[in-house]
file query_13.cif (mmCIF, C-alpha atoms and all ligand atoms)
data_start
#
loop_
_atom_site.label_atom_id
_atom_site.label_comp_id
_atom_site.auth_asym_id
_atom_site.auth_seq_id
_atom_site.Cartn_x
_atom_site.Cartn_y
_atom_site.Cartn_z
CA MET A 1 62.48 68.00 152.97
CA SER A 2 61.55 71.38 151.49
CA LYS A 3 62.89 74.74 152.59
CA ILE A 4 59.88 77.01 152.98
CA LEU A 5 59.67 80.77 153.39
CA MET A 6 56.48 82.24 154.81
CA VAL A 7 56.17 85.99 154.33
CA TYR A 8 53.23 87.76 155.94
CA PHE A 9 52.15 90.99 157.51
CA SER A 10 50.62 91.03 160.95
CA GLN A 11 49.95 94.13 162.98
CA GLY A 12 47.65 92.70 165.66
CA GLY A 13 49.33 89.29 165.87
CA THR A 14 46.52 87.12 164.45
CA THR A 15 48.07 86.50 161.03
CA ALA A 16 51.36 85.76 162.81
CA HIS A 17 49.58 83.24 165.05
CA ILE A 18 48.05 81.46 162.06
CA ALA A 19 51.44 81.54 160.29
CA GLU A 20 53.02 79.80 163.29
CA LEU A 21 50.33 77.09 163.29
CA ILE A 22 50.77 76.44 159.56
CA ALA A 23 54.52 76.28 160.18
CA ILE A 24 53.98 73.75 162.99
CA GLY A 25 52.04 71.57 160.56
CA LEU A 26 54.78 71.85 157.94
CA ARG A 27 57.60 71.21 160.43
CA SER A 28 55.80 68.15 161.81
CA SER A 29 56.04 66.80 158.27
CA GLY A 30 59.81 67.34 158.27
CA HIS A 31 60.09 70.66 156.41
CA LYS A 32 62.33 73.56 157.30
CA VAL A 33 60.25 76.73 157.66
CA GLU A 34 61.32 80.35 158.07
CA LEU A 35 58.81 83.01 159.04
CA CYS A 36 59.08 86.66 158.08
CA ASN A 37 56.67 89.36 159.28
CA LEU A 38 57.05 92.37 156.95
CA LYS A 39 56.65 94.52 160.03
CA ASP A 40 60.26 93.54 160.80
CA GLY A 41 61.43 94.14 157.23
CA PRO A 42 61.34 92.06 154.03
CA PRO A 43 63.34 88.85 153.59
CA GLN A 44 66.67 89.02 151.75
CA SER A 45 65.73 86.94 148.72
CA LEU A 46 63.91 83.81 147.67
CA GLU A 47 67.08 82.03 146.72
CA GLY A 48 67.35 78.54 148.16
CA TYR A 49 63.65 78.19 149.00
CA ASP A 50 61.50 75.48 147.45
CA LEU A 51 58.18 76.95 148.46
CA LEU A 52 56.66 80.33 149.34
CA GLY A 53 53.76 81.08 151.70
CA ILE A 54 52.14 84.53 151.68
CA GLY A 55 49.80 85.73 154.44
CA THR A 56 47.88 88.95 154.98
CA PRO A 57 45.02 90.45 156.94
CA ALA A 58 42.19 91.92 154.87
CA TYR A 59 42.59 95.70 154.91
CA TYR A 60 39.73 97.48 153.17
CA PHE A 61 38.74 94.33 151.24
CA ARG A 62 42.23 93.87 149.80
CA PRO A 63 45.66 92.67 150.99
CA SER A 64 47.66 95.16 153.02
CA PHE A 65 49.67 97.41 150.69
CA ASN A 66 53.04 96.10 151.91
CA ILE A 67 52.11 92.53 150.95
CA THR A 68 51.05 93.62 147.47
CA ASP A 69 54.27 95.63 147.14
CA TYR A 70 56.30 92.64 148.28
CA ILE A 71 54.73 90.34 145.67
CA ASN A 72 55.21 93.00 142.97
CA SER A 73 58.89 93.30 143.93
CA LEU A 74 59.55 89.59 143.36
CA PRO A 75 61.27 88.35 140.23
CA HIS A 76 59.43 85.89 137.97
CA LEU A 77 58.83 82.84 140.13
CA ASP A 78 59.15 80.25 137.38
CA GLY A 79 56.67 77.73 138.73
CA LEU A 80 57.68 78.06 142.41
CA PRO A 81 54.95 76.39 144.51
CA ALA A 82 53.13 78.90 146.72
CA PHE A 83 50.28 78.99 149.21
CA VAL A 84 48.20 81.86 150.53
CA PHE A 85 46.59 82.52 153.91
CA VAL A 86 44.24 85.36 154.77
CA LEU A 87 42.78 86.70 158.01
CA TYR A 88 39.65 88.82 158.08
CA GLY A 89 37.25 90.28 160.60
CA THR A 90 33.99 90.51 158.67
CA TYR A 91 34.20 90.31 154.85
CA LEU A 92 37.47 89.61 153.09
CA GLY A 93 36.31 90.87 149.69
CA GLU A 94 39.08 90.52 147.11
CA THR A 95 41.91 89.97 149.61
CA GLY A 96 42.57 86.32 148.78
CA ASN A 97 41.73 86.75 145.10
CA ASP A 98 44.20 89.63 144.72
CA ILE A 99 47.11 87.67 146.20
CA ARG A 100 46.29 84.50 144.30
CA ARG A 101 46.11 86.45 141.03
CA ALA A 102 49.31 88.40 141.77
CA LEU A 103 51.24 85.22 142.56
CA SER A 104 49.92 83.52 139.47
CA LEU A 105 50.99 86.53 137.35
CA LYS A 106 54.44 86.20 138.88
CA GLY A 107 54.58 82.62 137.66
CA ALA A 108 54.00 80.86 141.01
CA LYS A 109 52.09 77.58 141.13
CA GLU A 110 49.33 77.72 143.76
CA ILE A 111 49.23 74.71 146.07
CA GLY A 112 47.03 75.97 148.92
CA TYR A 113 44.62 78.66 150.06
CA PHE A 114 43.58 79.10 153.69
CA LYS A 115 41.38 81.74 155.29
CA SER A 116 40.21 82.35 158.83
CA LEU A 117 38.34 84.94 160.81
CA GLY A 118 40.42 87.02 163.23
CA ALA A 119 39.38 89.63 165.81
CA ASP A 120 38.70 92.92 164.01
CA PHE A 121 40.54 95.69 165.83
CA TYR A 122 39.57 98.33 163.34
CA GLN A 123 39.54 101.76 164.96
CA ALA A 124 36.28 102.90 163.35
CA TYR A 125 34.30 99.83 164.46
CA LEU A 126 35.79 99.93 167.95
CA LYS A 127 34.72 103.57 168.25
CA GLU A 128 31.20 102.51 167.26
CA GLY A 129 31.37 100.07 170.18
CA TYR A 130 31.88 96.75 168.37
CA LEU A 131 34.65 94.22 168.16
CA PHE A 132 33.70 91.79 165.42
CA SER A 133 34.95 88.20 165.40
CA ALA A 134 36.29 88.76 168.91
CA ILE A 135 36.63 85.02 169.63
CA HIS A 136 38.58 84.25 166.45
CA PRO A 137 40.65 82.45 165.51
CA THR A 138 38.95 79.73 167.55
CA THR A 139 40.68 76.55 168.67
CA ASN A 140 39.06 74.85 165.71
CA GLU A 141 40.44 77.44 163.26
CA LEU A 142 43.91 77.09 164.80
CA THR A 143 43.70 73.32 164.34
CA GLN A 144 42.62 73.85 160.74
CA ALA A 145 45.68 76.06 160.20
CA ARG A 146 47.99 73.33 161.47
CA GLU A 147 46.18 70.77 159.32
CA PHE A 148 46.53 73.11 156.34
CA GLY A 149 50.31 72.91 156.88
CA ILE A 150 50.15 69.11 156.98
CA ASN A 151 48.03 69.13 153.84
CA ILE A 152 50.58 71.28 152.02
CA ASP A 153 53.07 68.51 152.72
CA ARG A 154 50.74 66.03 150.98
CA ILE A 155 50.49 68.29 147.94
CA ILE A 156 54.29 68.59 147.85
CA GLY A 157 54.35 64.80 148.03
CA GLY A 158 52.29 64.56 144.84
CA GLU A 159 48.65 64.58 146.03
CA LYS A 160 46.39 66.40 143.56
CA TYR A 161 45.62 70.01 144.51
CA ILE A 162 42.01 70.96 143.94
CA ARG A 163 42.18 74.70 143.47
CA PRO A 164 39.37 76.42 145.42
CA GLU A 165 37.12 78.82 143.52
CA PHE A 166 37.91 82.51 143.82
CA ASP A 167 36.01 84.26 146.61
CA PRO A 168 32.78 85.95 145.49
CA GLN A 169 32.93 89.63 144.52
CA PRO A 170 32.05 91.89 147.45
CA SER A 171 28.86 93.96 147.25
CA ILE A 172 28.92 97.30 145.43
CA MET A 173 29.26 99.23 148.70
CA TYR A 174 32.38 97.32 149.72
CA ARG A 175 33.79 97.62 146.22
CA LEU A 176 33.36 101.38 146.49
CA GLU A 177 35.10 101.44 149.87
CA ARG A 178 37.91 99.36 148.45
CA PHE A 179 38.19 101.76 145.52
CA PHE A 180 38.36 104.84 147.73
CA ILE A 181 41.00 103.38 150.02
CA ASN A 182 43.67 102.52 147.51
CA ASP A 183 47.44 102.79 147.65
CA TRP A 184 47.61 106.01 145.62
CA LEU A 185 44.94 107.89 147.58
CA VAL A 186 46.44 106.79 150.90
CA THR A 187 49.94 107.83 149.86
CA GLU A 188 49.07 111.06 148.12
CA VAL A 189 46.06 112.27 150.06
CA TYR A 190 44.95 110.49 153.22
CA SER A 191 48.38 110.18 154.82
CA ARG A 192 48.68 113.98 154.58
CA LEU A 193 45.39 114.39 156.40
CA PHE A 194 46.24 112.88 159.75
CA SER A 195 45.86 115.64 162.28
CA ILE A 196 47.32 116.01 165.71
CA ASN A 197 45.73 117.89 168.56
CA ARG A 198 48.72 119.64 170.12
CA LYS A 199 46.81 120.42 173.29
CA LYS A 200 46.32 116.69 173.89
CA CYS A 201 49.54 115.23 172.44
CA THR A 202 52.20 114.60 175.09
CA THR A 203 54.81 113.63 172.44
CA CYS A 204 55.01 110.16 174.02
CA HIS A 205 55.78 108.79 170.51
CA LEU A 206 53.71 105.65 171.01
CA CYS A 207 52.25 106.32 167.54
CA MET A 208 55.77 106.15 166.12
CA SER A 209 56.69 102.92 167.86
CA GLU A 210 53.34 101.28 166.98
CA CYS A 211 53.50 102.19 163.29
CA PRO A 212 54.30 98.96 161.42
CA ALA A 213 55.63 100.88 158.42
CA GLU A 214 57.91 103.27 160.31
CA ASN A 215 55.91 105.99 158.62
CA ILE A 216 55.81 108.47 161.48
CA ALA A 217 58.65 110.80 162.36
CA ALA A 218 58.85 113.55 164.98
CA ASN A 219 59.15 117.18 163.98
CA LYS A 220 61.45 119.58 165.82
CA ALA A 221 58.86 120.09 168.53
CA GLY A 222 58.46 116.31 168.94
CA TYR A 223 55.01 116.08 167.34
CA PRO A 224 54.32 113.24 164.92
CA VAL A 225 54.54 113.82 161.19
CA TRP A 226 53.25 111.23 158.72
CA GLU A 227 55.40 110.27 155.78
CA ARG A 228 54.31 108.67 152.51
CA HIS A 229 54.35 104.91 153.00
CA CYS A 230 51.29 104.61 155.21
CA LEU A 231 49.39 101.29 155.29
CA PHE A 232 46.35 103.08 156.67
CA CYS A 233 46.15 100.54 159.48
CA LEU A 234 45.23 103.39 161.85
CA SER A 235 47.35 101.92 164.66
CA CYS A 236 48.55 105.45 165.46
CA GLU A 237 45.03 106.75 165.97
CA MET A 238 43.80 103.59 167.69
CA ASN A 239 46.60 103.36 170.23
CA CYS A 240 46.98 107.03 171.12
CA PRO A 241 46.51 107.25 174.90
CA GLN A 242 45.47 110.91 174.58
CA GLU A 243 43.12 110.47 171.61
CA ALA A 244 45.14 113.23 169.99
CA ILE A 245 45.27 111.73 166.48
CA THR A 246 42.50 111.94 163.88
CA SER A 247 42.47 110.33 160.45
CA ILE A 248 39.93 111.00 157.71
CA ILE A 249 38.08 107.86 158.83
CA SER A 250 36.96 109.81 161.89
CA TRP A 251 35.61 112.67 159.80
CA PRO A 252 31.79 112.95 159.96
CA ILE A 253 31.59 112.37 156.18
CA PHE A 254 32.66 108.76 156.76
CA HIS A 255 30.15 108.03 159.53
CA PRO A 256 27.40 106.77 157.19
CA VAL A 257 29.87 104.32 155.61
CA ILE A 258 31.03 103.01 158.98
CA ARG A 259 27.42 102.81 160.20
CA TYR A 260 26.50 100.84 157.06
CA ASN A 261 29.35 98.36 157.61
CA VAL A 262 28.56 97.92 161.29
CA THR A 263 24.81 97.52 160.72
CA HIS A 264 25.40 95.02 157.95
CA ALA A 265 27.83 92.97 160.05
CA LEU A 266 25.50 93.06 163.07
CA GLN A 267 22.66 91.64 160.95
CA ASP A 268 24.84 88.80 159.67
CA THR A 269 24.09 85.71 161.72
CA GLU A 270 27.38 84.14 160.57
CA LEU A 271 29.39 86.81 162.38
CA ASP A 272 29.89 87.22 166.10
CA TYR A 273 30.86 90.32 168.04
CA VAL A 274 31.26 91.72 171.52
CA LYS A 275 30.34 95.21 172.67
CA VAL A 276 33.37 97.28 173.62
CA LYS A 277 34.43 100.71 174.74
CA HIS A 278 37.54 102.06 173.09
CA ILE A 279 38.91 104.82 175.28
CA LYS A 280 42.36 106.39 175.33
CA GLY A 281 43.89 103.65 173.22
CA ILE A 282 42.47 100.76 175.21
CA THR A 283 39.67 98.42 174.15
CA ILE A 284 37.54 97.29 177.06
CA ARG A 285 35.07 94.47 176.51
CA GLU A 286 31.72 95.19 178.19
C1 LIG B 301 42.83 99.04 158.93
C2 LIG B 301 42.07 97.75 158.95
C3 LIG B 301 41.25 97.42 157.89
C4 LIG B 301 40.57 96.20 157.89
N1 LIG B 301 39.77 95.88 156.82
C5 LIG B 301 39.11 94.70 156.82
C6 LIG B 301 38.29 94.33 155.73
O1 LIG B 301 38.17 95.03 154.72
N2 LIG B 301 37.59 93.16 155.80
C7 LIG B 301 37.69 92.35 156.89
O2 LIG B 301 37.04 91.31 156.91
N3 LIG B 301 38.49 92.65 157.92
C8 LIG B 301 39.20 93.79 157.92
N4 LIG B 301 40.02 94.11 158.97
C9 LIG B 301 40.21 93.13 160.04
C10 LIG B 301 41.52 92.36 159.92
O3 LIG B 301 41.68 91.80 158.64
C11 LIG B 301 41.55 91.23 160.96
O4 LIG B 301 41.25 91.76 162.19
C12 LIG B 301 42.88 90.48 161.02
O5 LIG B 301 42.70 89.39 161.88
C13 LIG B 301 43.99 91.33 161.56
O6 LIG B 301 45.21 90.60 161.46
P1 LIG B 301 46.47 90.90 162.37
O7 LIG B 301 46.04 90.69 163.80
O8 LIG B 301 47.47 89.88 161.96
O9 LIG B 301 46.92 92.29 162.10
C14 LIG B 301 40.70 95.32 159.00
C15 LIG B 301 41.50 95.69 160.09
C16 LIG B 301 42.18 96.88 160.06
C17 LIG B 301 43.06 97.23 161.24
#
call {"tool": "encode", "arguments": {"input": "query_13.cif", "output": "structure tokens"}}
result
Amino acid sequence: MSKILMVYFSQGGTTAHIAELIAIGLRSSGHKVELCNLKDGPPQSLEGYDLLGIGTPAYYFRPSFNITDYINSLPHLDGLPAFVFVLYGTYLGETGNDIRRALSLKGAKEIGYFKSLGADFYQAYLKEGYLFSAIHPTTNELTQAREFGINIDRIIGGEKYIRPEFDPQPSIMYRLERFFINDWLVTEVYSRLFSINRKKCTTCHLCMSECPAENIAANKAGYPVWERHCLFCLSCEMNCPQEAITSIISWPIFHPVIRYNVTHALQDTELDYVKVKHIKGITIRE
């Protein structure tokens, strides 16, 4: 029996759902599994664990910043077996590659890589009227996640691991988007550019409670103020019942980029979507 720690980030719940299914597969094979969503804080340490699982949603064609930070904060892993799971709504880009490389640099030994589509509640696409991958993860993908857990047990038991190829490089446009939404720019620039419409804001503080990084505080008047560890998940803007919050993504300069992404995804016969209206923090499927 191995003692396994699965560390992931999940804002919308999809990565958490997949993590639970993988854990079910592992537990059915007799392993002890602990799950840790970084939203609730990082785990104490890796001491006593025989295996590490890392999961993330794709955020701007890369892992979410808190997952990258978590991996960077780890000591050298000295051959610790590790697996990776990734959720994505349209194109995952370098998400899986980045984590696999980072773990390898830390000295982990990869023993599994799983990816699945998950409903894409990205504010900018919702505002354009589209929810991509709305039906994902499907029952089939959930079953695959559980089977992935069972398969990890076989690898632990000595079965040969055939390392999957790295995911293909995203197109130049997505690489540019990835470049322009990086940790430094978000911390130093974009997180300072959230704006609040004081005529609309009722100081309900939903933005604060929804922020997975506890990055929003209230000023003396009760209005939200963004600090400097933003994940740029845009939960604050997306959930605001008064539509009082605006990030740079809603600036007209970004419209052509969003339109490009949406048009490209709509033309992709491999992707599904539903039409939606996103009004006052609520997504209504048409
Ligand atoms: C801020 C943000 C950025 C995202 N960027 C990407 C992306 O670059 N590529 C992609 O395929 N999906 C992207 N997605 C979709 C998520 O990866 C996907 O919906 C995932 O299932 C969400 O996981 P969660 O429910 O555990 O938070 C993004 C979603 C958000 C909210």
call {"tool": "closest_residue", "arguments": {"input": "query_13.cif", "among": "A:Trp184, A:Arg62, A:Thr90, A:Glu210", "to": "Gln267 in chain A", "atoms": "only C-alpha atoms"}}
result
A:Thr90
call {"tool": "closest_atom_pairs", "arguments": {"input": "query_13.cif", "of": "chain A", "to": "ligand LIG 301 (chain B)", "cutoff": "9 Å", "atoms": "all atoms listed in the file", "output": "CSV"}}
result
residue,atom,partner,partner_atom,distance
A:Tyr8,CA,B:LIG301,O8,8.6
A:Phe9,CA,B:LIG301,O8,6.6
A:Ser10,CA,B:LIG301,O8,3.5
A:Gln11,CA,B:LIG301,O9,3.7
A:Gly12,CA,B:LIG301,O7,3.2
A:Gly13,CA,B:LIG301,O7,4.1
A:Thr14,CA,B:LIG301,O7,3.7
A:Thr15,CA,B:LIG301,O8,3.6
A:Ala16,CA,B:LIG301,O8,5.7
A:His17,CA,B:LIG301,O8,7.6
A:Ile18,CA,B:LIG301,O8,8.4
A:Gly55,CA,B:LIG301,O8,8.9
A:Thr56,CA,B:LIG301,O8,7.1
A:Pro57,CA,B:LIG301,O3,4.0
A:Ala58,CA,B:LIG301,O3,3.8
A:Tyr59,CA,B:LIG301,N1,3.4
A:Tyr60,CA,B:LIG301,O1,3.3
A:Phe61,CA,B:LIG301,O1,3.6
A:Arg62,CA,B:LIG301,O1,6.5
A:Pro63,CA,B:LIG301,O3,8.7
A:Ser64,CA,B:LIG301,C3,8.4
A:Val86,CA,B:LIG301,O3,7.9
A:Leu87,CA,B:LIG301,O5,4.7
A:Tyr88,CA,B:LIG301,O3,3.6
A:Gly89,CA,B:LIG301,N3,3.8
A:Thr90,CA,B:LIG301,O2,3.6
A:Tyr91,CA,B:LIG301,O2,3.6
A:Leu92,CA,B:LIG301,O2,4.2
A:Gly93,CA,B:LIG301,N2,6.6
A:Glu94,CA,B:LIG301,O1,8.9
A:Thr95,CA,B:LIG301,O1,8.1
A:Ser116,CA,B:LIG301,O5,8.1
A:Leu117,CA,B:LIG301,O5,6.3
A:Gly118,CA,B:LIG301,O5,3.6
A:Ala119,CA,B:LIG301,O4,4.6
A:Asp120,CA,B:LIG301,O4,3.3
A:Phe121,CA,B:LIG301,O4,5.4
A:Tyr122,CA,B:LIG301,C17,4.2
A:Gln123,CA,B:LIG301,C17,6.8
A:Ala124,CA,B:LIG301,C1,8.8
A:Phe132,CA,B:LIG301,O4,8.2
A:Ser133,CA,B:LIG301,O4,7.9
A:Ala134,CA,B:LIG301,O4,8.9
A:His136,CA,B:LIG301,O5,8.0
A:Pro137,CA,B:LIG301,O5,8.1
A:Tyr174,CA,B:LIG301,O1,8.0
A:Glu177,CA,B:LIG301,O1,8.6
A:Arg178,CA,B:LIG301,O1,7.6
A:Leu231,CA,B:LIG301,C1,7.8
A:Phe232,CA,B:LIG301,C1,5.8
A:Cys233,CA,B:LIG301,C1,3.7
A:Leu234,CA,B:LIG301,C1,5.8
A:Ser235,CA,B:LIG301,C17,7.2
call {"tool": "atom_distance", "arguments": {"input": "query_13.cif", "atom1": "CA of Arg198 in chain A", "atom2": "CA of Lys220 in chain A"}}
result
13.4 Å
call {"tool": "closest_residue", "arguments": {"input": "query_13.cif", "among": "A:Gly149, A:Gly53, A:Gly96, A:Pro241", "to": "Pro81 in chain A", "atoms": "all atoms listed in the file"}}
result
A:Gly53
call {"tool": "closest_residue", "arguments": {"input": "query_13.cif", "among": "A:Glu237, A:Glu214, A:Glu243, A:Glu286", "to": "Thr202 in chain A", "atoms": "only C-alpha atoms"}}
result
A:Glu243
call {"tool": "decode", "arguments": {"input": "query_13.cif", "residues": "range 181-208 of chain A", "atoms": "N, CA and C atoms", "output": "compact mmCIF listing (two decimals), in the first residue's frame"}}
result
# COMPACT_ATOMS: atom_id res chain seq x y z
N ILE A 181 0.09 36.84 -20.77
CA ILE A 181 -0.57 36.64 -19.47
C ILE A 181 0.35 35.74 -18.65
N ASN A 182 1.41 36.37 -18.17
CA ASN A 182 2.37 35.62 -17.35
C ASN A 182 2.32 36.13 -15.91
N ASP A 183 2.96 35.39 -15.04
CA ASP A 183 2.92 35.65 -13.61
C ASP A 183 3.34 37.10 -13.29
N TRP A 184 4.44 37.53 -13.92
CA TRP A 184 4.98 38.86 -13.62
C TRP A 184 4.01 39.96 -14.04
N LEU A 185 3.50 39.86 -15.28
CA LEU A 185 2.59 40.90 -15.77
C LEU A 185 1.30 40.93 -14.95
N VAL A 186 0.81 39.75 -14.57
CA VAL A 186 -0.42 39.71 -13.76
C VAL A 186 -0.16 40.37 -12.42
N THR A 187 0.95 39.99 -11.79
CA THR A 187 1.25 40.53 -10.45
C THR A 187 1.51 42.03 -10.49
N GLU A 188 2.36 42.43 -11.44
CA GLU A 188 2.84 43.81 -11.43
C GLU A 188 1.94 44.79 -12.18
N VAL A 189 1.18 44.26 -13.13
CA VAL A 189 0.40 45.20 -13.95
C VAL A 189 -1.10 44.91 -13.89
N TYR A 190 -1.49 43.74 -14.39
CA TYR A 190 -2.92 43.50 -14.58
C TYR A 190 -3.72 43.52 -13.28
N SER A 191 -3.12 43.01 -12.19
CA SER A 191 -3.89 42.97 -10.95
C SER A 191 -4.11 44.38 -10.39
N ARG A 192 -3.33 45.36 -10.90
CA ARG A 192 -3.55 46.75 -10.47
C ARG A 192 -4.61 47.42 -11.33
N LEU A 193 -5.03 46.72 -12.38
CA LEU A 193 -5.92 47.36 -13.34
C LEU A 193 -7.37 46.88 -13.26
N PHE A 194 -7.67 46.11 -12.22
CA PHE A 194 -9.09 45.81 -11.99
C PHE A 194 -9.77 47.12 -11.61
N SER A 195 -10.93 47.34 -12.15
CA SER A 195 -11.62 48.58 -11.74
C SER A 195 -13.00 48.23 -11.20
N ILE A 196 -13.43 49.10 -10.31
CA ILE A 196 -14.72 48.85 -9.66
C ILE A 196 -15.62 50.06 -9.92
N ASN A 197 -16.82 49.78 -10.37
CA ASN A 197 -17.79 50.84 -10.59
C ASN A 197 -18.54 51.06 -9.28
N ARG A 198 -18.21 52.16 -8.62
CA ARG A 198 -18.76 52.40 -7.28
C ARG A 198 -20.26 52.66 -7.30
N LYS A 199 -20.76 53.06 -8.45
CA LYS A 199 -22.22 53.29 -8.53
C LYS A 199 -22.96 51.95 -8.52
N LYS A 200 -22.27 50.92 -9.06
CA LYS A 200 -22.93 49.60 -9.13
C LYS A 200 -22.62 48.74 -7.91
N CYS A 201 -21.39 48.84 -7.39
CA CYS A 201 -20.95 47.94 -6.31
C CYS A 201 -21.77 48.16 -5.05
N THR A 202 -22.28 47.05 -4.49
CA THR A 202 -23.08 47.15 -3.26
C THR A 202 -22.26 46.72 -2.04
N THR A 203 -20.94 46.53 -2.26
CA THR A 203 -20.01 46.02 -1.24
C THR A 203 -20.52 44.71 -0.61
N CYS A 204 -21.06 43.85 -1.47
CA CYS A 204 -21.57 42.55 -0.97
C CYS A 204 -20.41 41.61 -0.63
N HIS A 205 -19.22 41.88 -1.20
CA HIS A 205 -18.00 41.13 -0.93
C HIS A 205 -18.01 39.70 -1.48
N LEU A 206 -18.91 39.44 -2.42
CA LEU A 206 -18.90 38.13 -3.06
C LEU A 206 -17.56 37.91 -3.78
N CYS A 207 -17.03 38.99 -4.39
CA CYS A 207 -15.74 38.88 -5.08
C CYS A 207 -14.66 38.39 -4.12
N MET A 208 -14.72 38.89 -2.88
CA MET A 208 -13.71 38.49 -1.89
C MET A 208 -13.87 37.02 -1.53
